[in-house]
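Asker: File name structure.cif; file contents mmCIF, C-alpha atoms and all ligand atoms; full text below.
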data_query
loop_
_atom_site.label_atom_id
_atom_site.label_comp_id
_atom_site.auth_asym_id
_atom_site.auth_seq_id
_atom_site.Cartn_x
_atom_site.Cartn_y
_atom_site.Cartn_z
CA MET A 1 0.00 0.00 0.00
CA ILE A 2 0.92 3.64 -0.30
CA GLU A 3 1.65 4.96 3.19
CA LEU A 4 1.07 8.65 3.97
CA ARG A 5 2.35 9.76 7.36
CA ALA A 6 1.67 13.17 8.89
CA THR A 7 4.96 14.67 10.02
CA VAL A 8 5.01 18.43 10.69
CA PRO A 9 1.74 20.36 10.03
CA SER A 10 0.74 20.36 6.34
CA THR A 11 3.48 17.89 5.43
CA LEU A 12 2.99 14.26 4.49
CA HIS A 13 5.74 11.69 4.21
CA GLN A 14 5.00 9.12 1.50
CA SER A 15 6.33 5.57 1.60
CA PHE A 16 5.18 2.02 0.87
CA ALA A 17 4.08 -0.63 3.38
CA GLY A 18 1.79 -3.59 3.98
CA ASP A 19 2.11 -6.43 6.46
CA VAL A 20 3.36 -9.22 4.16
CA TYR A 21 5.58 -6.78 2.23
CA ASN A 22 7.12 -5.52 5.49
CA SER A 23 7.95 -9.11 6.46
CA ALA A 24 9.52 -9.75 3.05
CA VAL A 25 11.70 -6.63 3.37
CA TYR A 26 13.04 -7.60 6.80
CA LEU A 27 13.55 -11.24 5.82
CA LYS A 28 15.61 -10.21 2.80
CA ARG A 29 17.60 -7.58 4.72
CA CYS A 30 18.71 -10.24 7.21
CA PHE A 31 19.05 -13.19 4.82
CA ALA A 32 20.26 -11.79 1.50
CA GLU A 33 20.82 -15.26 0.04
CA ILE A 34 17.16 -16.31 0.41
CA GLU A 35 15.22 -15.53 -2.77
CA THR A 36 12.13 -13.63 -1.64
CA SER A 37 9.21 -12.79 -3.93
CA VAL A 38 6.19 -10.59 -3.39
CA VAL A 39 2.85 -11.78 -4.79
CA THR A 40 0.50 -8.85 -5.35
CA ALA A 41 -1.20 -6.68 -7.97
CA LEU A 42 -0.44 -3.02 -8.59
CA GLY A 43 -1.76 -0.62 -11.24
CA GLU A 44 -0.13 0.98 -14.26
CA ASP A 45 0.13 4.42 -12.63
CA ASN A 46 3.28 6.25 -11.56
CA LEU A 47 3.01 5.34 -7.89
CA SER A 48 2.65 1.67 -8.83
CA LYS A 49 5.79 2.04 -10.90
CA LYS A 50 7.61 3.58 -7.94
CA MET A 51 6.34 0.83 -5.65
CA ARG A 52 7.68 -1.82 -7.98
CA GLU A 53 11.02 0.02 -8.08
CA ARG A 54 11.05 0.05 -4.27
CA PHE A 55 10.50 -3.72 -4.21
CA VAL A 56 13.48 -4.09 -6.53
CA SER A 57 15.62 -1.75 -4.41
CA GLU A 58 14.86 -4.01 -1.43
CA GLN A 59 16.19 -6.93 -3.52
CA LEU A 60 12.74 -8.53 -3.72
CA ASN A 61 11.78 -10.60 -6.73
CA THR A 62 8.91 -8.89 -8.64
CA GLN A 63 8.14 -11.73 -11.02
CA PHE A 64 4.79 -12.23 -9.22
CA VAL A 65 3.93 -8.53 -8.95
CA PHE A 66 1.15 -8.16 -11.51
CA SER A 67 -0.18 -4.97 -13.15
CA HIS A 68 -3.92 -4.36 -13.33
CA ASN A 69 -4.87 -2.10 -16.23
CA THR A 70 -7.59 -0.05 -14.48
CA LYS A 71 -7.02 -0.31 -10.69
CA VAL A 72 -4.53 1.56 -8.50
CA PRO A 73 -2.84 0.58 -5.20
CA GLY A 74 -4.57 0.93 -1.83
CA MET A 75 -3.49 3.78 0.43
CA TYR A 76 -3.54 4.67 4.12
CA TYR A 77 -2.93 7.77 6.18
CA ILE A 78 -1.42 7.47 9.62
CA GLU A 79 -1.34 10.15 12.30
CA THR A 80 0.11 10.03 15.80
CA ASP A 81 -1.39 12.36 18.44
CA ASP A 82 0.44 14.02 21.36
CA GLU A 83 -0.15 10.93 23.54
CA GLY A 84 1.46 8.67 20.94
CA GLU A 85 -1.91 7.14 19.93
CA ARG A 86 -2.04 6.25 16.24
CA SER A 87 -5.07 6.61 13.98
CA PHE A 88 -5.45 5.35 10.44
CA ILE A 89 -7.65 6.20 7.44
CA TYR A 90 -7.72 3.66 4.60
CA TRP A 91 -8.59 3.87 0.90
CA ARG A 92 -8.30 0.26 -0.16
CA ASP A 93 -11.78 -1.04 -1.03
CA ASP A 94 -11.13 -0.93 -4.78
CA SER A 95 -7.38 -1.59 -4.86
CA ALA A 96 -5.53 -3.55 -7.52
CA ALA A 97 -4.39 -6.02 -4.83
CA LYS A 98 -8.00 -7.21 -4.40
CA LYS A 99 -7.67 -8.73 -7.88
CA VAL A 100 -4.43 -10.63 -7.29
CA VAL A 101 -5.98 -14.11 -7.50
CA GLU A 102 -7.16 -13.36 -11.08
CA PHE A 103 -3.51 -13.25 -12.10
CA MET A 104 -2.55 -16.54 -10.45
CA SER A 105 -2.76 -18.83 -13.46
CA GLU A 106 -1.81 -22.52 -13.49
CA ASP A 107 1.59 -21.52 -14.78
CA ILE A 108 2.18 -19.00 -11.97
CA VAL A 109 1.11 -21.58 -9.38
CA LYS A 110 3.54 -24.06 -10.89
CA GLN A 111 6.34 -21.52 -10.48
CA LEU A 112 5.31 -20.80 -6.89
CA SER A 113 5.30 -24.55 -6.22
CA THR A 114 9.09 -24.62 -6.53
CA GLY A 115 9.44 -22.36 -3.46
CA ASP A 116 10.13 -23.46 0.11
CA MET A 117 7.52 -21.32 1.81
CA PHE A 118 4.30 -19.43 1.02
CA PHE A 119 3.30 -16.79 3.54
CA PHE A 120 -0.05 -15.01 3.78
CA SER A 121 -1.87 -13.15 6.52
CA GLY A 122 -5.38 -12.42 7.75
CA ILE A 123 -5.05 -9.12 5.91
CA SER A 124 -4.18 -10.93 2.66
CA LEU A 125 -7.29 -13.07 3.16
CA ALA A 126 -9.52 -10.10 3.91
CA VAL A 127 -8.25 -8.23 0.84
CA ILE A 128 -8.98 -11.11 -1.55
CA GLU A 129 -12.54 -10.77 -2.83
CA ASN A 130 -15.20 -13.17 -1.52
CA GLN A 131 -15.72 -14.87 -4.85
CA ALA A 132 -11.97 -15.41 -5.35
CA ARG A 133 -11.36 -17.14 -1.99
CA PRO A 134 -12.25 -20.68 -3.14
CA GLN A 135 -9.64 -20.34 -5.91
CA PHE A 136 -7.13 -18.99 -3.40
CA TRP A 137 -7.63 -22.06 -1.17
CA GLU A 138 -7.21 -24.36 -4.18
CA ILE A 139 -3.88 -22.64 -4.88
CA VAL A 140 -2.76 -23.02 -1.25
CA LYS A 141 -3.68 -26.73 -1.36
CA GLN A 142 -1.72 -27.17 -4.58
CA LEU A 143 1.34 -25.49 -3.07
CA LYS A 144 1.08 -27.60 0.08
CA ALA A 145 0.80 -30.78 -1.98
CA ALA A 146 3.97 -29.72 -3.82
CA GLY A 147 5.82 -29.56 -0.48
CA VAL A 148 5.75 -25.78 0.02
CA LYS A 149 5.48 -24.87 3.73
CA ILE A 150 2.33 -22.84 4.28
CA VAL A 151 2.65 -19.99 6.80
CA PHE A 152 -0.23 -17.96 8.24
CA ASP A 153 -0.28 -14.89 10.49
CA PRO A 154 -3.91 -14.18 11.49
CA ASN A 155 -3.26 -10.40 11.78
CA TYR A 156 -6.96 -9.70 12.43
CA ARG A 157 -8.38 -6.34 11.29
CA ALA A 158 -12.10 -6.29 12.11
CA ARG A 159 -12.95 -3.46 9.74
CA LEU A 160 -11.75 -5.43 6.70
CA TRP A 161 -14.31 -8.20 7.27
CA ASP A 162 -18.09 -8.37 6.77
CA SER A 163 -18.60 -10.35 9.98
CA VAL A 164 -16.79 -12.30 12.69
CA GLU A 165 -18.45 -15.47 11.38
CA GLN A 166 -16.97 -14.92 7.93
CA THR A 167 -13.50 -14.37 9.40
CA LYS A 168 -13.71 -17.47 11.57
CA GLN A 169 -14.72 -19.58 8.59
CA GLN A 170 -11.71 -18.36 6.58
CA TYR A 171 -9.31 -18.66 9.52
CA ASP A 172 -10.49 -22.21 10.14
CA THR A 173 -9.39 -23.13 6.61
CA ALA A 174 -6.10 -21.24 7.08
CA PHE A 175 -5.30 -23.00 10.38
CA SER A 176 -6.23 -26.37 8.82
CA LEU A 177 -3.81 -25.88 5.94
CA CYS A 178 -0.84 -24.08 7.50
CA ASP A 179 2.38 -25.68 8.69
CA ILE A 180 3.49 -22.63 10.68
CA THR A 181 1.33 -19.97 12.33
CA LEU A 182 2.45 -16.78 14.06
CA PRO A 183 -0.53 -15.28 15.89
CA GLY A 184 -0.51 -12.41 18.37
CA VAL A 185 -2.64 -12.96 21.48
CA GLU A 186 -4.65 -9.81 20.72
CA ASP A 187 -5.45 -11.07 17.20
CA LEU A 188 -7.37 -14.04 18.43
CA GLU A 189 -9.00 -12.55 21.53
CA THR A 190 -11.97 -10.94 19.78
CA LEU A 191 -12.52 -13.91 17.52
CA TYR A 192 -12.26 -16.83 19.92
CA ASN A 193 -12.34 -15.22 23.37
CA VAL A 194 -8.83 -16.55 24.10
CA LYS A 195 -7.15 -14.17 26.52
CA SER A 196 -3.79 -15.75 27.23
CA VAL A 197 -0.93 -17.45 25.41
CA GLU A 198 -2.00 -20.76 26.96
CA ALA A 199 -5.54 -20.31 25.65
CA VAL A 200 -4.22 -19.53 22.15
CA ILE A 201 -2.10 -22.68 22.16
CA GLU A 202 -5.04 -24.73 23.44
CA TYR A 203 -7.31 -23.31 20.76
CA LEU A 204 -4.84 -24.14 17.99
CA THR A 205 -3.81 -27.62 19.19
CA PRO A 206 -6.56 -29.57 17.35
CA TYR A 207 -5.30 -28.22 14.02
CA ASN A 208 -2.03 -30.17 14.38
CA ILE A 209 0.09 -27.27 13.11
CA ASP A 210 3.81 -28.17 13.06
CA GLU A 211 5.03 -24.88 14.47
CA ILE A 212 3.01 -22.39 16.53
CA VAL A 213 4.68 -19.09 17.43
CA VAL A 214 2.61 -16.87 19.72
CA LYS A 215 3.68 -13.23 19.94
CA ASN A 216 2.75 -11.55 23.18
CA GLY A 217 4.03 -7.98 22.71
CA PRO A 218 6.94 -7.06 25.00
CA ASP A 219 6.12 -9.91 27.43
CA SER A 220 7.27 -13.08 25.71
CA VAL A 221 7.08 -15.34 22.70
CA ILE A 222 5.79 -18.87 23.24
CA THR A 223 6.48 -21.58 20.69
CA LYS A 224 5.12 -25.06 20.26
CA GLU A 225 6.81 -27.48 17.90
CA GLY A 226 5.26 -30.92 18.05
CA GLN A 227 4.78 -31.46 21.80
CA THR A 228 7.65 -29.12 22.77
CA LEU A 229 6.48 -25.93 24.40
CA GLN A 230 9.08 -23.19 24.93
CA SER A 231 8.82 -19.75 26.49
CA HIS A 232 11.25 -17.12 25.17
CA SER A 233 11.81 -13.90 27.05
CA ILE A 234 11.88 -10.52 25.30
CA THR A 235 14.08 -7.60 26.33
CA PRO A 236 11.64 -4.67 26.45
CA VAL A 237 12.66 -1.62 24.45
CA LYS A 238 12.63 1.59 26.50
CA ASN A 239 12.37 4.07 23.66
CA VAL A 240 9.32 2.86 21.70
CA VAL A 241 8.59 5.36 18.92
CA ASP A 242 6.09 3.50 16.72
CA THR A 243 5.03 -0.15 17.03
CA THR A 244 3.80 -0.35 13.41
CA SER A 245 5.09 -3.56 11.82
CA ALA A 246 6.70 -5.00 14.98
CA GLY A 247 4.92 -8.28 14.32
CA ASP A 248 5.74 -8.13 10.59
CA ALA A 249 9.47 -7.62 11.23
CA PHE A 250 9.40 -10.46 13.74
CA ASN A 251 7.68 -12.76 11.22
CA GLY A 252 10.03 -12.00 8.33
CA VAL A 253 13.22 -12.48 10.30
CA TYR A 254 11.91 -15.50 12.22
CA LEU A 255 10.93 -17.23 8.97
CA GLY A 256 14.21 -16.28 7.28
CA ALA A 257 16.11 -17.77 10.19
CA ARG A 258 14.08 -20.99 10.05
CA LEU A 259 14.69 -21.25 6.28
CA ASP A 260 18.36 -20.72 7.05
CA GLY A 261 18.30 -23.77 9.33
CA ARG A 262 18.39 -21.95 12.70
CA THR A 263 16.71 -23.40 15.79
CA ILE A 264 13.38 -22.03 16.97
CA SER A 265 15.04 -20.28 19.88
CA ASP A 266 17.67 -18.61 17.71
CA ALA A 267 14.98 -17.62 15.21
CA VAL A 268 12.90 -16.02 18.02
CA LYS A 269 15.97 -14.13 19.27
CA LEU A 270 16.67 -12.71 15.81
CA GLY A 271 13.00 -11.95 15.10
CA ALA A 272 12.65 -10.14 18.44
CA LYS A 273 15.83 -8.18 17.82
CA ALA A 274 14.49 -7.04 14.45
CA ALA A 275 11.09 -6.10 15.94
CA GLY A 276 12.78 -4.26 18.83
CA THR A 277 14.80 -2.25 16.30
CA VAL A 278 11.85 -1.39 14.07
CA ILE A 279 9.72 -0.01 16.94
CA GLN A 280 12.41 2.56 17.68
CA GLN A 281 11.82 4.12 14.23
CA PRO A 282 8.71 5.82 12.80
CA GLY A 283 6.74 4.01 10.07
CA ALA A 284 6.65 0.38 8.98
CA ILE A 285 10.02 0.19 7.25
CA ALA A 286 13.06 1.35 9.22
CA PRO A 287 15.89 2.99 7.26
CA LYS A 288 18.10 0.24 5.88
CA ASP A 289 21.38 1.47 7.38
CA VAL A 290 19.89 1.95 10.87
CA PHE A 291 18.33 -1.50 10.72
CA GLN A 292 21.45 -3.28 9.44
CA GLN A 293 23.62 -1.55 12.03
CA ALA A 294 21.35 -2.58 14.92
CA MET A 295 21.14 -6.17 13.67
CA ALA A 296 24.93 -6.41 13.38
CA GLN A 297 25.42 -5.55 17.08
P1 LIG A 301 1.91 -6.98 16.50
O1 LIG A 301 0.85 -6.37 17.37
O2 LIG A 301 2.61 -6.00 15.58
O3 LIG A 301 1.54 -8.25 15.81
P2 LIG A 301 3.33 -7.56 19.00
O4 LIG A 301 2.93 -6.33 19.77
O5 LIG A 301 2.88 -8.86 19.52
O6 LIG A 301 3.06 -7.44 17.44
O7 LIG A 301 4.91 -7.56 18.91
C1 LIG A 301 5.59 -8.32 17.96
C2 LIG A 301 6.99 -8.53 18.45
O8 LIG A 301 7.62 -7.25 18.60
C3 LIG A 301 7.04 -9.16 19.82
O9 LIG A 301 7.03 -10.56 19.72
C4 LIG A 301 8.35 -8.63 20.35
O10 LIG A 301 9.41 -9.43 19.85
C5 LIG A 301 8.46 -7.26 19.72
N1 LIG A 301 8.01 -6.20 20.64
C6 LIG A 301 6.78 -5.63 20.71
N2 LIG A 301 6.74 -4.67 21.66
C7 LIG A 301 7.98 -4.62 22.20
C8 LIG A 301 8.62 -3.84 23.23
N3 LIG A 301 7.97 -2.86 23.91
N4 LIG A 301 9.93 -4.08 23.51
C9 LIG A 301 10.63 -5.02 22.83
N5 LIG A 301 10.09 -5.79 21.87
C10 LIG A 301 8.80 -5.60 21.54
#
Would it be possible to restate this file's structure as structure tokens?
Ligand code: ADP

Answerer:
Amino acid sequence: MIELRATVPSTLHQSFAGDVYNSAVYLKRCFAEIETSVVTALGEDNLSKKMRERFVSEQLNTQFVFSHNTKVPGMYYIETDDEGERSFIYWRDDSAAKKVVEFMSEDIVKQLSTGDMFFFSGISLAVIENQARPQFWEIVKQLKAAGVKIVFDPNYRARLWDSVEQTKQQYDTAFSLCDITLPGVEDLETLYNVKSVEAVIEYLTPYNIDEIVVKNGPDSVITKEGQTLQSHSITPVKNVVDTTSAGDAFNGVYLGARLDGRTISDAVKLGAKAAGTVIQQPGAIAPKDVFQQAMAQ
């Protein structure tokens, strides 16, 4: 999406962001050797062109970034008040990304089937149009059958859905198909009335997901791999500037580390370090040099 952030009065800072994209950026910044592609649809306008160029400048593969001939990208405006509270306005109901499944031909799915991992979020699901969801699930099943690890972050945004029932139905399919899930406790609270990490794990257990990674803000990260439950402590950051994309940065770097063969505990450490760095910077994407420097320490 196009991100517009109010800085000083009458001035907007324009950048690009979106949960899955943010994760891809941080994965690639930490694991340059892992080929990372973005699957989305943009328009043919100038901002779409610039967005595509940004993907390339972040070393992301744009082979699956499609161009819709009439639609334009979604956009949001973010403002932080004197108390540090953020508010958002979105223009995304008619975005090019809503059409992405239309571009996912048999041939594209075949190419995606050669990957190691396919990551989507609750926001990806909400953005895909109702009538395109059955095709999306067919694609996910095909990728899974080809041995691609399916990864799902519920990232629940109530206003993107028609009803809680609709969300639950879609999430049930997502949890049934995924091999790794990375929920935040808050994400699932409204949907399933689960109020603790333990309750999240208990809720997800019947789905037999290989790897469950529960993010609990600055408190802890709890993981469950098979029957092994582990609690990982987080070093709280004192100077939190903007928590946008904390979870996304965590996801990207955690998944990169797992693809790189690291243990769950090392992957959590790296993911948490990335998230802790990102929340000390405004906006979703921290400046590259600042991020790399912090990760190298
Ligand atoms: P989101 O709401 O963006 O999904 P969370 O608030 O659960 O994400 O945070 C994601 C990750 O960011 C946490 O698992 C943790 O590693 C890190 N994090 C969040 N808040 C803090 C904090 N105050 N100090 C240090 N790390 C934090």

Asker: Could you check the closest approach to ligand LIG 301 (chain A) for each of A:Lys215, A:Lys288, A:Lys98, A:Lys224 and tell me which residue wins, using only C-alpha atoms and all ligand atoms?

Answerer: A:Lys215

Asker: Compile the contact shell of Leu12 in chain A as a tab-separated table (two decimals) with C-alpha atoms, in the coordinates of the input: residues with an atom at most 12 Å away, counting all atoms listed in the file, same-chain residues fewer than 4 positions apart removed.

Answerer:
chain	number	residue	atom	x	y	z
A	2	ILE	CA	0.92	3.64	-0.30
A	3	GLU	CA	1.65	4.96	3.19
A	4	LEU	CA	1.07	8.65	3.97
A	5	ARG	CA	2.35	9.76	7.36
A	6	ALA	CA	1.67	13.17	8.89
A	7	THR	CA	4.96	14.67	10.02
A	8	VAL	CA	5.01	18.43	10.69
A	76	TYR	CA	-3.54	4.67	4.12
A	77	TYR	CA	-2.93	7.77	6.18
A	78	ILE	CA	-1.42	7.47	9.62
A	79	GLU	CA	-1.34	10.15	12.30

Asker: Return the padded bounding box of ligand LIG 301 (chain A) as lines of an AutoDock Vina configuration file: axis-aligned, built from all atoms listed in the file, 6 Å added on each side, with centre and edge lengths in Å to one decimal.

Answerer:
center_x = 5.7
center_y = -6.7
center_z = 19.7
size_x = 21.8
size_y = 19.7
size_z = 20.3

Asker: Rank nothing, just name the residue among A:Lys195, A:Lys168, A:Lys99, A:Arg258 nearest to Ala132 in chain A, using all atoms listed in the file.

Answerer: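 The answer is A:Lys99, which sits nearest to Ala132 in chain A.
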
Asker: Please, what distance in Å, to one decimal, runs between CA of Lys144 in chain A and CA of Tyr171 in chain A?

Answerer: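 Between these atoms lies a distance of 16.6 Å.
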
Asker: Measuring atom to atom with only C-alpha atoms, identify which of A:Tyr26, A:Arg54, A:Ile34, A:Ser10 is nearest to Ala272 in chain A.

Answerer: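 Distance minimum relative to Ala272 in chain A lands on A:Tyr26.
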
Asker: Please indicate the distance in Å from CA of Asn155 in chain A to CA of Pro183 in chain A, rounded to one decimal place.

Answerer: 6.9 Å

Asker: Ligand LIG 301 (chain A): which residues are within 9 Å, counting only C-alpha atoms and all ligand atoms? Reply as a PyMOL selection string.

Answerer: chain A and resi 153+155+182-187+214-221+233-240+243-251+268-279

Asker: List the neighbours of Val39 in chain A out to 10 Å using only C-alpha atoms; skip same-chain residues closer than 2 positions along the sequence, and give me the result as number ranges by chain.

Answerer: A: 20-21, 36-37, 41, 61-66, 97, 100-101, 103-104, 112, 118-120

Asker: Have a look at CA of Glu58 in chain A and CA of Glu129 in chain A and let me know their distance in Å, one decimal.

Answerer: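 One can read the CA of Glu58 in chain A to CA of Glu129 in chain A distance as 28.3 Å.
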
Asker: Just checking: using all atoms listed in the file, which residue out of A:Lys28, A:Ile201, A:Ile89, A:Asp116 ends up closest to Gln59 in chain A?

Answerer: A:Lys28

Asker: Please determine, counting all atoms listed in the file, which residue among A:Cys178, A:Ile150, A:Leu191, A:Ala145 has the shortest atom-to-atom distance to Val164 in chain A.

Answerer: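 Nearest candidate to Val164 in chain A out of A:Cys178, A:Ile150, A:Leu191, A:Ala145: A:Leu191.
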
Asker: I want to know what sits within 10 Å of Ala174 in chain A, based on only C-alpha atoms, with residues of the same chain fewer than 5 positions away left out; could you give that as a ChimeraX atom specification?

Answerer: /A:120-122,125,137,140,150-154,168-169,179,181,207

Asker: From the options A:Glu165, A:Ser231, A:Glu211, A:Thr173, which residue's atoms come nearest to Glu198 in chain A, counting all atoms listed in the file?

Answerer: A:Ser231

Asker: Once N, CA and C atoms are restored for range 56-70 of chain A, what would the output be as an mmCIF file, in the frame of the given file?

Answerer:
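The file below, out_5.cif, is the result:
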data_model
loop_
_atom_site.group_PDB
_atom_site.id
_atom_site.type_symbol
_atom_site.label_atom_id
_atom_site.label_comp_id
_atom_site.auth_asym_id
_atom_site.auth_seq_id
_atom_site.Cartn_x
_atom_site.Cartn_y
_atom_site.Cartn_z
ATOM 1 N N VAL A 56 12.202 -3.696 -5.924
ATOM 2 C CA VAL A 56 13.480 -4.090 -6.530
ATOM 3 C C VAL A 56 14.641 -3.563 -5.687
ATOM 4 N N SER A 57 14.506 -2.317 -5.192
ATOM 5 C CA SER A 57 15.620 -1.750 -4.410
ATOM 6 C C SER A 57 15.786 -2.490 -3.084
ATOM 7 N N GLU A 58 14.748 -3.168 -2.636
ATOM 8 C CA GLU A 58 14.860 -4.010 -1.430
ATOM 9 C C GLU A 58 15.280 -5.434 -1.794
ATOM 10 N N GLN A 59 15.704 -5.625 -3.023
ATOM 11 C CA GLN A 59 16.190 -6.930 -3.520
ATOM 12 C C GLN A 59 15.095 -8.000 -3.564
ATOM 13 N N LEU A 60 13.833 -7.542 -3.654
ATOM 14 C CA LEU A 60 12.740 -8.530 -3.720
ATOM 15 C C LEU A 60 12.463 -8.877 -5.173
ATOM 16 N N ASN A 61 12.098 -10.120 -5.393
ATOM 17 C CA ASN A 61 11.780 -10.600 -6.730
ATOM 18 C C ASN A 61 10.364 -10.100 -7.098
ATOM 19 N N THR A 62 10.221 -9.460 -8.268
ATOM 20 C CA THR A 62 8.910 -8.890 -8.640
ATOM 21 C C THR A 62 8.222 -9.682 -9.762
ATOM 22 N N GLN A 63 8.703 -10.886 -9.972
ATOM 23 C CA GLN A 63 8.140 -11.730 -11.020
ATOM 24 C C GLN A 63 6.637 -12.016 -10.805
ATOM 25 N N PHE A 64 6.195 -11.976 -9.523
ATOM 26 C CA PHE A 64 4.790 -12.230 -9.220
ATOM 27 C C PHE A 64 4.047 -10.949 -8.812
ATOM 28 N N VAL A 65 4.612 -9.808 -9.190
ATOM 29 C CA VAL A 65 3.930 -8.530 -8.950
ATOM 30 C C VAL A 65 3.236 -8.174 -10.267
ATOM 31 N N PHE A 66 1.914 -8.310 -10.272
ATOM 32 C CA PHE A 66 1.150 -8.160 -11.510
ATOM 33 C C PHE A 66 0.658 -6.712 -11.662
ATOM 34 N N SER A 67 0.314 -6.333 -12.905
ATOM 35 C CA SER A 67 -0.180 -4.970 -13.150
ATOM 36 C C SER A 67 -1.614 -5.028 -13.650
ATOM 37 N N HIS A 68 -2.513 -4.424 -12.920
ATOM 38 C CA HIS A 68 -3.920 -4.360 -13.330
ATOM 39 C C HIS A 68 -4.090 -3.113 -14.211
ATOM 40 N N ASN A 69 -4.853 -3.231 -15.297
ATOM 41 C CA ASN A 69 -4.870 -2.100 -16.230
ATOM 42 C C ASN A 69 -5.846 -0.978 -15.860
ATOM 43 N N THR A 70 -6.706 -1.171 -14.869
ATOM 44 C CA THR A 70 -7.590 -0.050 -14.480
ATOM 45 C C THR A 70 -7.477 0.321 -12.993
#
